[in-house]
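Encoded as structure tokens, the structure appears first; notes follow it.
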Amino acid sequence: MTLLISFIENNTLHWFNAGHPAPCVITTQGKLLQLSGTDPLLGLSDDHQYQHYRYDLSDVAQILLFTDGWLDNQKMSDVDQIIAKLTHDNLHSEEFAYALWQASQVKLSAEIDDASLIVIK
């Protein structure tokens with residue numbers, strides 16, 4: 001089973017992650033950063049100590065949380081491949097989350113994995 005718990009406190013993103021990709025952030029300068037912080041799926045080990053990951057949000061414009069299916073369905077391995085499909089205007093608009101989701105859609109005739117995307121601005 002997978003699990004992602006995240007919260008924001010004192011301008012810091014906190015997360016506990018069992019099997020999901022680590023969050024990404026887009027800085028106020030528009031740079032995409034893939035954070036690190038993923039632990040194994042729940043139930044794989046009786047003695048694994050899950051980590052509490054943190055990232056300072058001082059220079060962050062947006063946070064992206066997503067499941068692996070969001071990338072797998074497009075046969076892509078990196079979020080920046082999806083963001084590359086967007087225009088500069090999309091990246092800085094109020095419609096960013098919608099444009100990002102639309103850019104990641106696949107043909108329904110193919111076998112697809114469940115996919116979730118959360119954009120926090």
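Every chain in the structure tokens takes a letter, A first, then B, and so on in the order presented; its residues are numbered from 1, and the ligands are numbered from 1 following the presented order.
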**Request:** Excluding range 53-59 of chain A and any residue of its chain fewer than 5 positions from it, enumerate the residues within 9 Å of it, using only C-alpha atoms, and give them as a PyMOL selection string.
**Result:** chain A and resi 8+10-17+25-29+35-38
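Counting only C-alpha atoms and comparing A:Ser116, A:Val60, A:His52, A:Ala18, the residue that lies closest to Met1 in chain A is A:Ala18.
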**Message:** I'd like the interatomic distance between CA of Leu41 in chain A and CA of Thr2 in chain A, to a tenth of an Å.
**Reply:**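 The value is 5.3 Å.
Minimum atom-to-atom distance to Asp68 in chain A, evaluated using only C-alpha atoms, belongs to A:Ala22 out of A:Leu33, A:Ala22, A:Leu44, A:Leu100.
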**Item:** Among the residues A:Ile63, A:Gln34, A:Ile5, A:Cys24, the one that comes closest to Tyr50 in chain A [using only C-alpha atoms]
**Value:**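 Residue with the minimum atom-to-atom distance to Tyr50 in chain A: A:Ile5.
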**Item:** Polymer residues at most 7 Å from Ala115 in chain A, only C-alpha atoms, same-chain spacing of 2 or more positions, as a ChimeraX atom specification
**Value:** /A:67,69-70,113,117
Same residues, C-alpha atoms, output as an mmCIF file, in the first residue's frame:
```
data_model
loop_
_atom_site.group_PDB
_atom_site.id
_atom_site.type_symbol
_atom_site.label_atom_id
_atom_site.label_comp_id
_atom_site.auth_asym_id
_atom_site.auth_seq_id
_atom_site.Cartn_x
_atom_site.Cartn_y
_atom_site.Cartn_z
ATOM 1 C CA THR A 67 1.213 9.552 -8.106
ATOM 2 C CA GLY A 69 0.671 6.805 -12.643
ATOM 3 C CA TRP A 70 0.644 10.471 -13.623
ATOM 4 C CA ASP A 113 -2.669 3.462 -14.267
ATOM 5 C CA LEU A 117 -2.099 15.452 -9.383
#
```
